[in-house]
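Text of my_file.tsv, listed as TSV, C-alpha atoms:
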chain	number	residue	atom	x	y	z
A	1	MET	CA	16.89	-18.83	25.19
A	2	LEU	CA	19.39	-21.47	24.08
A	3	GLU	CA	17.01	-24.18	25.20
A	4	ALA	CA	14.20	-22.66	23.11
A	5	ILE	CA	16.42	-22.48	20.01
A	6	ALA	CA	17.59	-26.06	20.54
A	7	ARG	CA	13.98	-27.25	20.91
A	8	VAL	CA	13.00	-25.64	17.59
A	9	ILE	CA	16.04	-27.01	15.75
A	10	VAL	CA	15.50	-30.54	17.11
A	11	TRP	CA	11.85	-30.64	15.96
A	12	LEU	CA	12.83	-29.09	12.61
A	13	ALA	CA	15.51	-31.76	12.08
A	14	LEU	CA	13.13	-34.55	13.09
A	15	GLY	CA	10.47	-33.04	10.80
A	16	GLU	CA	12.89	-33.05	7.86
A	17	VAL	CA	13.75	-36.71	8.54
A	18	LEU	CA	10.08	-37.80	8.83
A	19	THR	CA	9.22	-35.94	5.61
A	20	ARG	CA	12.20	-37.40	3.69
A	21	LEU	CA	11.23	-40.88	4.85
A	22	GLY	CA	7.84	-40.24	3.23
A	23	LEU	CA	5.97	-40.49	6.54
A	24	MET	CA	4.48	-36.96	6.24
A	25	PRO	CA	2.88	-35.49	3.10
A	26	VAL	CA	4.18	-31.95	3.91
A	27	PRO	CA	7.59	-30.19	3.77
A	28	GLY	CA	9.98	-30.72	6.70
A	29	PRO	CA	9.34	-27.33	8.39
A	30	VAL	CA	5.55	-27.95	8.42
A	31	THR	CA	6.15	-31.40	9.97
A	32	GLY	CA	8.37	-29.60	12.52
A	33	LEU	CA	5.50	-27.17	13.22
A	34	VAL	CA	3.16	-30.09	13.94
A	35	LEU	CA	5.78	-31.76	16.18
A	36	LEU	CA	6.43	-28.59	18.22
A	37	TYR	CA	2.67	-28.04	18.57
A	38	LEU	CA	2.17	-31.60	19.86
A	39	ASP	CA	5.15	-31.11	22.21
A	40	LEU	CA	3.53	-27.95	23.65
A	41	VAL	CA	0.11	-29.60	23.98
A	42	TRP	CA	1.73	-32.63	25.67
A	43	HIS	CA	3.59	-30.47	28.24
A	44	LYS	CA	0.61	-28.09	28.57
A	45	ALA	CA	3.05	-25.20	28.99
A	46	LEU	CA	4.75	-22.57	26.85
A	47	PRO	CA	8.16	-21.48	28.29
A	48	ASP	CA	8.62	-17.67	28.28
A	49	ASP	CA	11.79	-17.94	26.21
A	50	LEU	CA	10.10	-19.96	23.47
A	51	GLY	CA	7.21	-17.48	23.38
A	52	ARG	CA	9.62	-14.56	23.08
A	53	LEU	CA	11.66	-16.32	20.39
A	54	ALA	CA	8.49	-16.96	18.38
A	55	ASP	CA	7.31	-13.35	18.73
A	56	ARG	CA	10.70	-11.97	17.64
A	57	MET	CA	11.15	-14.30	14.67
A	58	LEU	CA	7.54	-14.10	13.46
A	59	ALA	CA	7.76	-10.28	13.54
A	60	LEU	CA	10.50	-10.69	10.89
A	61	PHE	CA	8.61	-13.36	8.91
A	62	GLY	CA	8.08	-10.95	5.99
A	63	LEU	CA	11.85	-10.30	5.73
A	64	LEU	CA	12.57	-14.00	5.22
A	65	PHE	CA	10.52	-14.08	1.98
A	66	VAL	CA	12.48	-11.23	0.34
A	67	PRO	CA	15.18	-13.47	-1.26
A	68	ALA	CA	12.46	-15.73	-2.74
A	69	GLY	CA	10.73	-12.64	-4.15
A	70	VAL	CA	13.96	-11.42	-5.74
A	71	GLY	CA	14.28	-14.94	-7.17
A	72	VAL	CA	10.90	-14.41	-8.87
A	73	VAL	CA	12.24	-11.30	-10.60
A	74	ALA	CA	15.39	-13.23	-11.59
A	75	HIS	CA	13.27	-15.99	-13.13
A	76	ALA	CA	10.65	-13.66	-14.60
A	77	ASP	CA	11.45	-14.97	-18.11
A	78	VAL	CA	9.47	-18.16	-17.37
A	79	LEU	CA	6.40	-15.90	-17.19
A	80	ARG	CA	7.05	-14.03	-20.44
A	81	ALA	CA	5.46	-16.56	-22.81
A	82	GLU	CA	1.96	-16.29	-21.32
A	83	PHE	CA	2.27	-13.19	-19.20
A	84	VAL	CA	-1.32	-11.87	-19.48
A	85	PRO	CA	-3.21	-15.09	-18.61
A	86	ILE	CA	-0.77	-15.81	-15.77
A	87	LEU	CA	-0.99	-12.30	-14.30
A	88	ALA	CA	-4.81	-12.33	-14.56
A	89	ALA	CA	-4.96	-15.78	-12.94
A	90	ILE	CA	-2.74	-14.74	-10.02
A	91	LEU	CA	-4.36	-11.37	-9.32
A	92	GLY	CA	-7.95	-12.40	-10.18
A	93	GLY	CA	-7.74	-15.89	-8.71
A	94	THR	CA	-6.30	-14.71	-5.40
A	95	VAL	CA	-8.82	-11.88	-4.98
A	96	VAL	CA	-11.74	-14.20	-5.91
A	97	THR	CA	-10.51	-16.78	-3.38
A	98	LEU	CA	-10.31	-14.13	-0.63
A	99	LEU	CA	-13.76	-12.73	-1.46
A	100	ALA	CA	-15.40	-16.17	-1.68
A	101	THR	CA	-13.86	-17.42	1.57
A	102	ILE	CA	-14.51	-14.26	3.60
A	103	THR	CA	-18.07	-13.77	2.30
A	104	SER	CA	-19.12	-17.36	2.95
A	105	LEU	CA	-17.60	-17.39	6.45
A	106	VAL	CA	-19.32	-14.09	7.34
A	107	LEU	CA	-22.63	-15.51	6.06
A	108	ILE	CA	-22.17	-18.79	7.98
A	109	ARG	CA	-21.32	-16.88	11.15
A	110	SER	CA	-24.35	-14.60	11.00
A	111	TRP	CA	-26.57	-17.58	10.17
A	112	ALA	CA	-25.20	-19.51	13.18
A	113	LYS	CA	-25.70	-16.48	15.42
A	114	ARG	CA	-29.31	-16.03	14.27
A	115	ARG	CA	-30.04	-19.71	14.89
A	116	LYS	CA	-28.59	-19.45	18.40
A	117	GLN	CA	-30.72	-16.39	19.12
A	118	VAL	CA	-33.86	-18.16	17.85
A	119	SER	CA	-33.18	-21.27	19.94
A	120	VAL	CA	-32.59	-19.08	22.99
A	121	ALA	CA	-35.75	-17.04	22.27
A	122	ASP	CA	-37.93	-20.11	21.64
A	123	PRO	CA	-38.40	-21.36	25.24
A	124	GLY	CA	-39.25	-17.83	26.30
A	125	GLU	CA	-41.95	-17.62	23.62
A	126	ALA	CA	-43.31	-20.97	24.65
A	127	ASP	CA	-43.45	-19.80	28.27
A	128	ALA	CA	-45.26	-16.63	27.29
A	129	ARG	CA	-47.86	-18.62	25.39
A	130	ALA	CA	-48.35	-21.00	28.28
B	1	MET	CA	46.04	3.62	8.13
B	2	PRO	CA	43.18	1.15	7.56
B	3	ASP	CA	44.15	-2.20	6.20
B	4	PRO	CA	43.34	-2.19	2.45
B	5	GLN	CA	42.80	-5.94	2.70
B	6	ALA	CA	39.89	-5.38	5.09
B	7	TRP	CA	37.38	-4.78	2.29
B	8	ALA	CA	38.59	-7.78	0.33
B	9	SER	CA	36.98	-10.22	2.75
B	10	LEU	CA	33.48	-8.72	2.29
B	11	PRO	CA	32.53	-10.48	-0.96
B	12	GLU	CA	33.60	-13.84	0.53
B	13	GLN	CA	30.94	-13.62	3.20
B	14	PRO	CA	27.24	-13.03	2.68
B	15	ILE	CA	27.44	-9.73	4.63
B	16	LEU	CA	26.68	-7.63	1.56
B	17	GLU	CA	23.65	-9.67	0.40
B	18	VAL	CA	22.28	-10.05	3.91
B	19	GLY	CA	22.93	-6.36	4.57
B	20	ILE	CA	21.12	-5.20	1.43
B	21	THR	CA	18.14	-7.41	2.31
B	22	VAL	CA	17.92	-6.29	5.95
B	23	LEU	CA	18.32	-2.59	5.11
B	24	ALA	CA	15.74	-2.82	2.30
B	25	PHE	CA	13.25	-4.48	4.67
B	26	PHE	CA	14.00	-1.93	7.40
B	27	ALA	CA	13.26	0.93	4.97
B	28	ALA	CA	10.13	-0.89	3.73
B	29	VAL	CA	8.77	-1.37	7.26
B	30	ARG	CA	9.36	2.33	8.02
B	31	LEU	CA	7.52	3.30	4.82
B	32	ALA	CA	4.62	0.93	5.59
B	33	ARG	CA	4.28	2.30	9.13
B	34	TRP	CA	4.46	5.89	7.88
B	35	SER	CA	1.53	5.12	5.54
B	36	GLY	CA	-0.55	3.73	8.44
B	37	ASN	CA	0.05	0.15	7.22
B	38	ASN	CA	-1.63	0.78	3.89
B	39	PRO	CA	-2.17	-2.76	2.49
B	40	PHE	CA	-0.69	-1.75	-0.85
B	41	LEU	CA	2.61	-0.73	0.76
B	42	ASN	CA	3.44	-4.30	1.78
B	43	PRO	CA	6.91	-4.41	3.41
B	44	THR	CA	7.94	-7.66	1.68
B	45	LEU	CA	7.00	-6.35	-1.77
B	46	ILE	CA	8.68	-2.95	-1.23
B	47	ALA	CA	11.83	-4.65	0.06
B	48	ILE	CA	11.92	-6.91	-3.04
B	49	VAL	CA	11.62	-3.86	-5.31
B	50	LEU	CA	14.37	-2.01	-3.37
B	51	VAL	CA	16.74	-5.00	-3.53
B	52	VAL	CA	16.14	-5.38	-7.28
B	53	ILE	CA	16.89	-1.65	-7.77
B	54	VAL	CA	20.10	-1.92	-5.70
B	55	LEU	CA	21.22	-4.99	-7.67
B	56	ASP	CA	20.54	-3.26	-10.99
B	57	VAL	CA	22.39	-0.10	-9.94
B	58	THR	CA	25.42	-1.85	-8.43
B	59	GLY	CA	25.61	-4.57	-11.07
B	60	ILE	CA	25.59	-7.40	-8.52
B	61	SER	CA	24.17	-10.43	-10.33
B	62	TYR	CA	20.99	-12.16	-9.12
B	63	THR	CA	22.98	-15.39	-8.80
B	64	THR	CA	25.52	-13.78	-6.44
B	65	TYR	CA	22.75	-12.13	-4.44
B	66	LEU	CA	20.66	-15.30	-4.11
B	67	ARG	CA	23.73	-17.30	-3.01
B	68	GLY	CA	24.45	-14.83	-0.21
B	69	ALA	CA	20.81	-14.30	0.75
B	70	ALA	CA	20.35	-18.06	1.16
B	71	PHE	CA	21.48	-17.38	4.71
B	72	ILE	CA	18.27	-15.40	5.33
B	73	GLN	CA	16.18	-17.95	3.49
B	74	PHE	CA	17.48	-20.68	5.81
B	75	LEU	CA	15.84	-18.92	8.76
B	76	LEU	CA	12.47	-19.50	7.08
B	77	ALA	CA	12.45	-23.19	8.13
B	78	PRO	CA	12.82	-22.69	11.94
B	79	THR	CA	10.41	-19.72	11.77
B	80	VAL	CA	7.73	-21.89	10.17
B	81	VAL	CA	8.24	-24.35	13.06
B	82	LEU	CA	7.70	-21.42	15.48
B	83	LEU	CA	4.20	-20.88	14.02
B	84	ALA	CA	3.30	-23.66	16.49
B	85	VAL	CA	3.50	-21.03	19.28
B	86	PRO	CA	0.61	-18.74	18.16
B	87	LEU	CA	-1.34	-21.91	17.30
B	88	TYR	CA	-0.75	-23.24	20.82
B	89	ARG	CA	-1.75	-19.92	22.42
B	90	GLN	CA	-5.01	-19.97	20.42
B	91	THR	CA	-5.76	-23.67	20.97
B	92	ALA	CA	-9.04	-23.02	22.83
B	93	LEU	CA	-10.34	-20.67	20.12
B	94	ILE	CA	-9.27	-23.08	17.37
B	95	ARG	CA	-11.08	-26.00	19.09
B	96	ALA	CA	-14.23	-23.86	19.29
B	97	SER	CA	-13.97	-22.88	15.60
B	98	GLY	CA	-13.95	-26.31	13.95
B	99	GLY	CA	-16.98	-25.57	11.76
B	100	LEU	CA	-15.59	-22.25	10.58
B	101	ILE	CA	-12.22	-23.81	9.71
B	102	ALA	CA	-13.86	-26.67	7.79
B	103	ALA	CA	-16.10	-24.24	5.88
B	104	ALA	CA	-13.13	-22.03	4.99
B	105	LEU	CA	-11.30	-25.00	3.44
B	106	LEU	CA	-14.46	-26.32	1.74
B	107	VAL	CA	-14.89	-22.96	-0.04
B	108	GLY	CA	-11.32	-21.66	-0.25
B	109	LEU	CA	-9.49	-24.72	-1.53
B	110	PRO	CA	-11.59	-25.44	-4.67
B	111	THR	CA	-12.12	-21.71	-5.35
B	112	GLY	CA	-8.35	-21.14	-5.21
B	113	VAL	CA	-7.57	-23.89	-7.71
B	114	LEU	CA	-10.55	-23.41	-10.07
B	115	SER	CA	-10.48	-19.59	-10.22
B	116	ALA	CA	-6.80	-19.49	-11.21
B	117	VAL	CA	-7.06	-22.33	-13.73
B	118	GLY	CA	-10.38	-20.99	-15.07
B	119	ILE	CA	-9.15	-17.44	-15.65
B	120	ALA	CA	-5.93	-18.61	-17.35
B	121	TRP	CA	-7.87	-21.12	-19.47
B	122	ALA	CA	-10.36	-18.45	-20.60
B	123	LEU	CA	-7.43	-16.26	-21.67
B	124	GLY	CA	-5.93	-19.10	-23.71
B	125	ALA	CA	-3.08	-20.37	-21.51
B	126	SER	CA	-1.40	-23.64	-22.49
B	127	LYS	CA	-2.11	-26.89	-20.65
B	128	VAL	CA	1.34	-26.94	-18.99
B	129	THR	CA	0.76	-23.42	-17.64
B	130	LEU	CA	-2.68	-24.43	-16.29
B	131	LEU	CA	-1.17	-27.45	-14.51
B	132	SER	CA	1.61	-25.27	-13.08
B	133	LEU	CA	-1.00	-22.74	-11.86
B	134	ALA	CA	-3.30	-25.25	-10.14
B	135	PRO	CA	-1.33	-25.48	-6.84
B	136	LYS	CA	-0.41	-21.75	-6.75
B	137	GLY	CA	-2.15	-21.06	-3.42
B	138	VAL	CA	-0.17	-23.72	-1.55
B	139	THR	CA	3.08	-23.17	0.35
B	140	THR	CA	6.13	-23.55	-1.97
B	141	GLY	CA	7.46	-26.93	-0.82
B	142	ILE	CA	4.09	-28.66	-1.28
B	143	ALA	CA	3.16	-26.76	-4.48
B	144	VAL	CA	6.37	-27.77	-6.28
B	145	GLY	CA	5.71	-31.43	-5.39
B	146	ILE	CA	2.10	-31.23	-6.66
B	147	SER	CA	3.20	-29.51	-9.87
B	148	GLU	CA	5.68	-32.30	-10.54
B	149	ALA	CA	3.07	-34.97	-9.81
B	150	ILE	CA	0.39	-33.58	-12.16
B	151	GLY	CA	2.68	-32.62	-15.06
B	152	GLY	CA	3.33	-28.92	-14.49
B	153	VAL	CA	6.69	-27.13	-14.49
B	154	PRO	CA	7.97	-26.98	-10.88
B	155	ALA	CA	10.20	-23.91	-11.50
B	156	LEU	CA	7.24	-21.99	-12.96
B	157	THR	CA	5.04	-23.08	-10.05
B	158	ALA	CA	7.61	-21.77	-7.54
B	159	VAL	CA	7.47	-18.32	-9.19
B	160	LEU	CA	3.65	-18.40	-9.30
B	161	VAL	CA	3.42	-19.41	-5.63
B	162	ILE	CA	5.57	-16.49	-4.42
B	163	SER	CA	3.64	-14.03	-6.63
B	164	THR	CA	0.36	-15.39	-5.25
B	165	GLY	CA	1.60	-15.02	-1.67
B	166	ILE	CA	2.49	-11.36	-2.23
B	167	THR	CA	-0.90	-10.76	-3.90
B	168	GLY	CA	-2.70	-12.42	-0.97
B	169	ALA	CA	-0.68	-10.42	1.58
B	170	ILE	CA	-1.74	-7.17	-0.14
B	171	ALA	CA	-5.31	-8.03	-1.15
B	172	GLY	CA	-6.19	-9.82	2.13
B	173	PRO	CA	-6.06	-6.78	4.44
B	174	ALA	CA	-7.53	-4.62	1.65
B	175	VAL	CA	-10.56	-6.93	1.31
B	176	GLN	CA	-10.84	-7.08	5.12
B	177	ARG	CA	-11.06	-3.27	5.32
B	178	TRP	CA	-13.39	-3.04	2.31
B	179	LEU	CA	-15.87	-5.65	3.65
B	180	ARG	CA	-15.36	-4.40	7.25
B	181	VAL	CA	-14.67	-7.91	8.57
B	182	ASP	CA	-14.52	-7.73	12.38
B	183	ASP	CA	-13.62	-11.39	13.01
B	184	ASP	CA	-9.84	-11.98	12.82
B	185	ARG	CA	-10.44	-15.73	12.56
B	186	VAL	CA	-12.20	-15.18	9.21
B	187	THR	CA	-9.54	-12.77	7.89
B	188	GLY	CA	-6.73	-15.09	9.02
B	189	LEU	CA	-8.21	-18.23	7.47
B	190	ALA	CA	-8.86	-16.47	4.15
B	191	ILE	CA	-5.36	-14.94	3.95
B	192	GLY	CA	-3.69	-18.24	4.91
B	193	ILE	CA	-5.67	-20.21	2.31
B	194	ALA	CA	-5.27	-17.61	-0.46
B	195	GLY	CA	-1.73	-16.42	0.32
B	196	HIS	CA	0.08	-19.19	2.31
B	197	GLY	CA	3.28	-18.16	4.18
B	198	ILE	CA	3.66	-14.61	2.87
B	199	GLY	CA	-0.02	-14.01	3.66
B	200	THR	CA	0.50	-15.50	7.13
B	201	ALA	CA	3.42	-13.11	7.71
B	202	ARG	CA	1.05	-10.22	6.97
B	203	ALA	CA	-1.82	-11.68	9.03
B	204	LEU	CA	0.50	-11.82	12.08
B	205	GLN	CA	0.70	-8.02	11.88
B	206	ILE	CA	-3.10	-7.74	12.13
B	207	SER	CA	-3.30	-9.78	15.37
B	208	GLU	CA	-2.13	-13.03	16.90
B	209	VAL	CA	-5.57	-14.57	16.26
B	210	ALA	CA	-5.36	-13.64	12.56
B	211	GLY	CA	-1.79	-15.01	12.41
B	212	ALA	CA	-2.66	-18.29	14.13
B	213	PHE	CA	-5.69	-18.90	11.89
B	214	ALA	CA	-3.66	-17.95	8.79
B	215	GLY	CA	-0.98	-20.48	9.77
B	216	LEU	CA	-3.69	-23.07	10.30
B	217	GLY	CA	-5.38	-22.27	6.98
B	218	MET	CA	-2.03	-22.44	5.17
B	219	SER	CA	-1.05	-25.80	6.71
B	220	LEU	CA	-4.42	-27.53	6.24
B	221	ASN	CA	-4.86	-26.12	2.72
B	222	GLY	CA	-1.36	-27.36	1.84
B	223	VAL	CA	-1.91	-30.88	3.13
B	224	LEU	CA	-5.41	-31.28	1.64
B	225	THR	CA	-4.43	-29.85	-1.77
B	226	GLY	CA	-1.35	-32.08	-1.79
B	227	VAL	CA	-3.54	-35.14	-1.28
B	228	LEU	CA	-6.67	-34.15	-3.26
B	229	LEU	CA	-5.32	-32.39	-6.37
B	230	PRO	CA	-3.22	-35.31	-7.72
B	231	LEU	CA	-6.19	-37.65	-6.96
B	232	ALA	CA	-8.62	-35.36	-8.80
B	233	MET	CA	-6.27	-35.12	-11.79
B	234	ARG	CA	-6.03	-38.91	-11.97
B	235	GLY	CA	-9.83	-39.06	-12.03
B	236	LEU	CA	-10.08	-36.67	-15.01

Output the file's structure in the form of structure tokens.
Amino acid sequence: MLEAIARVIVWLALGEVLTRLGLMPVPGPVTGLVLLYLDLVWHKALPDDLGRLADRMLALFGLLFVPAGVGVVAHADVLRAEFVPILAAILGGTVVTLLATITSLVLIRSWAKRRKQVSVADPGEADARA
Amino acid sequence: MPDPQAWASLPEQPILEVGITVLAFFAAVRLARWSGNNPFLNPTLIAIVLVVIVLDVTGISYTTYLRGAAFIQFLLAPTVVLLAVPLYRQTALIRASGGLIAAALLVGLPTGVLSAVGIAWALGASKVTLLSLAPKGVTTGIAVGISEAIGGVPALTAVLVISTGITGAIAGPAVQRWLRVDDDRVTGLAIGIAGHGIGTARALQISEVAGAFAGLGMSLNGVLTGVLLPLAMRGL
């Protein structure tokens, strides 16, 4: 388990350095994510310990955002000036984004499936005609 | 007789703040499970409300709490790195879903920015607020940088980003149930693009596929918005 923790911390540290040097356009932890992913793809293997560590920590992912959420309440006064437009934009904008993304992906998927079925059915039809 | 000095060391360590946070989340998870994971009883949101109530009742200041709870917040960084694991496990499915992923970003990214800015603009928000809102769907670290670059208020953006994440984490599974979406890749991508890290945390509870695609949607949306939004603003 220690090896898995060390591996994560090393890639996180390297990610922070690469980001601070301006070599990656994303925050350090996201650079670390990319580095660990490339490491796993390179070795073509996921050690059991690392898999278990990820499952345990990601099960608690929601807990780690609680302090930031309390921070929002603490800084709620920045919202006061334009509360209604901001609230509407957050609630409305997020729901619209979800609806638009999900609906278009479902449509694309069913369209792709229909096209596949047609292209599979076509030769059969041609055979029948012949 | 117990040592009366024993209690004195508590406030010097973040035990109290960490303890409040962990207990609040524990209670919130129990409540969410008891409700059959009702999307509206999101554990993160309930835990935030419980912590705020405890702080108000006990008179512990937000500043003291946030200083102590920074210990929990630190764990966020290595946990984001660990998102590489579900991504690696789903590599084959991700490679086969290139078109779906591209389409999700093509629709989700501009819709996320324009819907928020459009709604706030229609309701008469100021220009600074609109600029601070534009990167609201992107993970905090990137969003704050964008906000700074395009002339928003980074502190306001940070608050908007967290609020958006909680909204996405609640509305995502609700929309999934309402539209009866049976493809976890679709649900994951949408939640990751609309609700970044907090949405991804929720998507991981749906399934590993949903979690992996949410992490992917969050990362790609963050990078692309970080590059494209400042460019688009310069063009205006």

- Query: Neighbours of Gly195 of chain B within 7 Å (only C-alpha atoms; same-chain residues fewer than 4 positions away dropped), as a list in words?
  - Reply: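 Counting only C-alpha atoms, the residues come to Gly137, Thr164, Gly165, Gly168, Ala169, Ile191 and Gly199 of chain B.
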
- Message: I need the chain B residues near chain A as a VMD selection string; criterion: at most 6 Å, counting only C-alpha atoms.
- Response: chain B and resid 44 48 72 to 73 76 to 77 80 to 82 84 104 107 to 108 111 to 112 115 to 116 119 to 120 123 141 159 164 190 194 201

- Any idea what the distance is between atom CA of Gly188 of chain B and atom CA of Asn42 of chain B?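 For atom CA of Gly188 of chain B relative to atom CA of Asn42 of chain B, the distance reads 16.5 Å.
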
- atom CA of Ala214 of chain B and atom CA of Ile101 of chain B, how far apart in Å? 10.4 Å

- Find the residue from B:Val223, B:Val22, B:Leu189, B:Ala143 that sits nearest to Gly211 of chain B; use all atoms listed in the file when measuring.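 Residue with the minimum atom-to-atom distance to Gly211 of chain B: B:Leu189.
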
- Task: Quote the spacing between atom CA of Ile146 of chain B and atom CA of Ala158 of chain B in Å to one decimal place.
- Result: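 Atom CA of Ala158 of chain B lies at a distance of 11.0 Å from atom CA of Ile146 of chain B.
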
- Item | Nearest-residue call for Asp49 of chain A, choices B:Val85, B:Ile193, B:Ile162, B:Leu179, using only C-alpha atoms |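 Looking at the shortest contact to Asp49 of chain A, the residue is B:Val85.
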
- Query: Got a sec: who's within 8 Å of Gly192 of chain B, counting only C-alpha atoms, leaving out chain neighbours fewer than 5 positions off, as a VMD selection string?
  - Reply: chain B and resid 197 199 to 200 203 213 to 218

With C-alpha atoms retained, write the just-selected residues as a short mmCIF file (atom, residue, chain, number, x, y, z; two decimals), keeping the file's coordinate frame.
data_model
loop_
_atom_site.label_atom_id
_atom_site.label_comp_id
_atom_site.auth_asym_id
_atom_site.auth_seq_id
_atom_site.Cartn_x
_atom_site.Cartn_y
_atom_site.Cartn_z
CA GLY B 197 3.28 -18.16 4.18
CA GLY B 199 -0.02 -14.01 3.66
CA THR B 200 0.50 -15.50 7.13
CA ALA B 203 -1.82 -11.68 9.03
CA PHE B 213 -5.69 -18.90 11.89
CA ALA B 214 -3.66 -17.95 8.79
CA GLY B 215 -0.98 -20.48 9.77
CA LEU B 216 -3.69 -23.07 10.30
CA GLY B 217 -5.38 -22.27 6.98
CA MET B 218 -2.03 -22.44 5.17
#

- Item | Residue nearest Asp183 of chain B among B:Glu17, B:Ile206, B:Gly235, B:Arg33 (counting all atoms listed in the file) | B:Ile206

- Query: Quick one: of B:Thr139, B:Thr129, B:Gln13, B:Thr64, who's nearest to Asn221 of chain B, counting only C-alpha atoms?
  - Reply: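 Nearest candidate to Asn221 of chain B out of B:Thr139, B:Thr129, B:Gln13, B:Thr64: B:Thr139.
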
Can you list, as a short mmCIF file (atom, residue, chain, number, x, y, z; two decimals) with C-alpha atoms, in the coordinates of the input, every protein, DNA or RNA residue that comes within 10 Å of Ser147 of chain B when you count only C-alpha atoms, leaving out same-chain residues fewer than 3 positions away?
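Written output follows (out30.cif):
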data_model
loop_
_atom_site.label_atom_id
_atom_site.label_comp_id
_atom_site.auth_asym_id
_atom_site.auth_seq_id
_atom_site.Cartn_x
_atom_site.Cartn_y
_atom_site.Cartn_z
CA VAL B 128 1.34 -26.94 -18.99
CA LEU B 131 -1.17 -27.45 -14.51
CA SER B 132 1.61 -25.27 -13.08
CA LEU B 133 -1.00 -22.74 -11.86
CA ALA B 134 -3.30 -25.25 -10.14
CA PRO B 135 -1.33 -25.48 -6.84
CA LYS B 136 -0.41 -21.75 -6.75
CA ILE B 142 4.09 -28.66 -1.28
CA ALA B 143 3.16 -26.76 -4.48
CA VAL B 144 6.37 -27.77 -6.28
CA ILE B 150 0.39 -33.58 -12.16
CA GLY B 151 2.68 -32.62 -15.06
CA GLY B 152 3.33 -28.92 -14.49
CA VAL B 153 6.69 -27.13 -14.49
CA PRO B 154 7.97 -26.98 -10.88
CA ALA B 155 10.20 -23.91 -11.50
CA LEU B 156 7.24 -21.99 -12.96
CA THR B 157 5.04 -23.08 -10.05
CA ALA B 158 7.61 -21.77 -7.54
CA GLY B 226 -1.35 -32.08 -1.79
CA LEU B 229 -5.32 -32.39 -6.37
CA PRO B 230 -3.22 -35.31 -7.72
#

- Restricting the calculation to only C-alpha atoms, which member of B:Thr187, B:Leu130, B:Trp34, B:Pro86 is positioned closest to Leu160 of chain B?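 Looking at the shortest contact to Leu160 of chain B, the residue is B:Leu130.
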